[in-house]
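Engineer: Please see the structure below; I have some questions.
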Amino acid sequence: MSRLDGAGGAVRRLVTRRRIATGVVAAALALATLLVASVDPGPTLRWSPFPGIGTGSASSGPLTVEVHGATLASSIAYRDDVLTTTGTFVVLDVTMASTDEIDILARDLVVDGVRFDLSTKGPSSWMESHPAPGMPVSGQIVFEVDSALVDDGATAWLLVAPGFDASGDLEAQVRVRVDVSGPVVERAEVAVVSR
Amino acid sequence: MTARVRIGVVATVVVAAVVGTLVLTGALGPRDDSRVQELGLGEPLSTSRADLVVDAFTTGEEPGDVVVTMTVVNHLDESMGVDDLAVLVDDEGELARYGTTTIQTPGSTSTTGASSAQPGVEETFTTVYSPSRDAVGDVRLEISDATWTERDETAFGLGSNMYDERVVAIVRMP
């Protein structure tokens, strides 16, 4: 009898331990679920985790971007053409240099959390004018933005992203803070970015 | 409690959990079978991504080409390709998804290649579709809306953000 009692007690203890273990695993999974759910989506895929940040100019890795000035305009003149917008053109006078061969993929302007692509109304030669090592490019790049965001002045960020290298790692990215303020001129002459 | 009773209790709990999940997630709710609205030329449409109007919808200069002119105001907080807004279809399904898009600004002497709608900036885009097959039956423009489903990029690293897209209106070619 006592031997049976002992065996029954051992089985009960085993069952209890398993139940406790199951409970601990379930609680851990629940906790892990809450932790994962509470993590904010990070910017790691869009922005380098260690970008070069600066006001007016910034460097990161081989890349240096300088913004010499910003002009707001309701139209731009480029070569023999005049282009208008229902928003406002933000024309940035920039110089970009690199100490290495890079492949620039993105040049975006962020104003008040809104991200604008480069306007195709501006000169497109920027695409072909990547800086070669030791040979910076200078000129103007054009964004077309919502007037309500910039006409009374705003802080904007120019983002230049060389993108991914062959091994899939993020290359350095540069974020330059630019204070954009009026007046909004009727027409801005745009010079192509070139060496 | 016998083993059978225990199995019955567990099965009941599992079924209740499944049904509860279906009810709570709305999976058992009424289906949205409302007809997709049909718009005429010049009729405005407001979606969660953009306000838009199809201004013109006609044949192009080349045989089989279709030309769509659309005015768009992007509501997103980032630039958006106008290709994402509409698809050309006929009675056999998709006729063309992408075309050559240009803009013509007042006073300009040339057209500019552009397919990006900038946030908060109204722009009129003209897209020339050159389908790879002949159109069959009615040619329509299917305008879609989409809900941006943000996923956790940090935890899983591969970025599984996606649009859940649905057709919200059609415009027939006159």
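Residues are named by chain letter and number: chains run A, B, ... in the order of the structure tokens, numbers start at 1 in each chain, and ligands are numbered from 1 in the order shown.
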As a PyMOL selection string, please: every residue in range 8-194 of chain A that DSSP puts in alpha helix (DSSP H).

Structural biologist: chain A and resi 8-38+147-150

Engineer: Could you please tell me, as a ChimeraX atom specification, which residues of chain A have an atom within 10 Å of chain B when using only C-alpha atoms?

Structural biologist: /A:36-46,77,80-88,108-122,143-149

Engineer: I want to know what sits within 8 Å of Thr58 in chain B, based on only C-alpha atoms, with residues of the same chain fewer than 3 positions away left out; could you give that as a list of chain:residue names?

Structural biologist: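 Listed by chain and then number, they are B:Val66, B:Val67, B:Val68, B:Met173, B:Pro174.
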
Engineer: Next, the residues of the selection above should be written as a PDB file, in the first residue's frame with C-alpha atoms.

Structural biologist:
ATOM      1  CA  VAL B  66      -5.510  53.764 -75.064  1.00  0.00           C
ATOM      2  CA  VAL B  67      -4.924  57.192 -73.534  1.00  0.00           C
ATOM      3  CA  VAL B  68      -6.116  58.106 -70.041  1.00  0.00           C
ATOM      4  CA  MET B 173     -14.161  54.172 -72.267  1.00  0.00           C
ATOM      5  CA  PRO B 174     -16.752  56.211 -74.186  1.00  0.00           C
TER       6      PRO B 174
END

Engineer: Given only C-alpha atoms as the basis, pick out the residue of B:Thr126, B:Gly99, B:Val167, B:Ala17 nearest to Thr69 in chain B.

Structural biologist: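 Closest candidate: B:Thr126.
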
Engineer: Report, in Å with one decimal, the straight-line distance from CA of Thr124 in chain B to CA of Glu38 in chain B.

Structural biologist: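 CA of Glu38 in chain B lies at a distance of 20.9 Å from CA of Thr124 in chain B.
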
Engineer: Kindly give the distance, in Å, that separates CA of Asp90 in chain B and CA of Pro44 in chain B, rounded to a single decimal.

Structural biologist: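 These atoms are spaced 22.2 Å apart.
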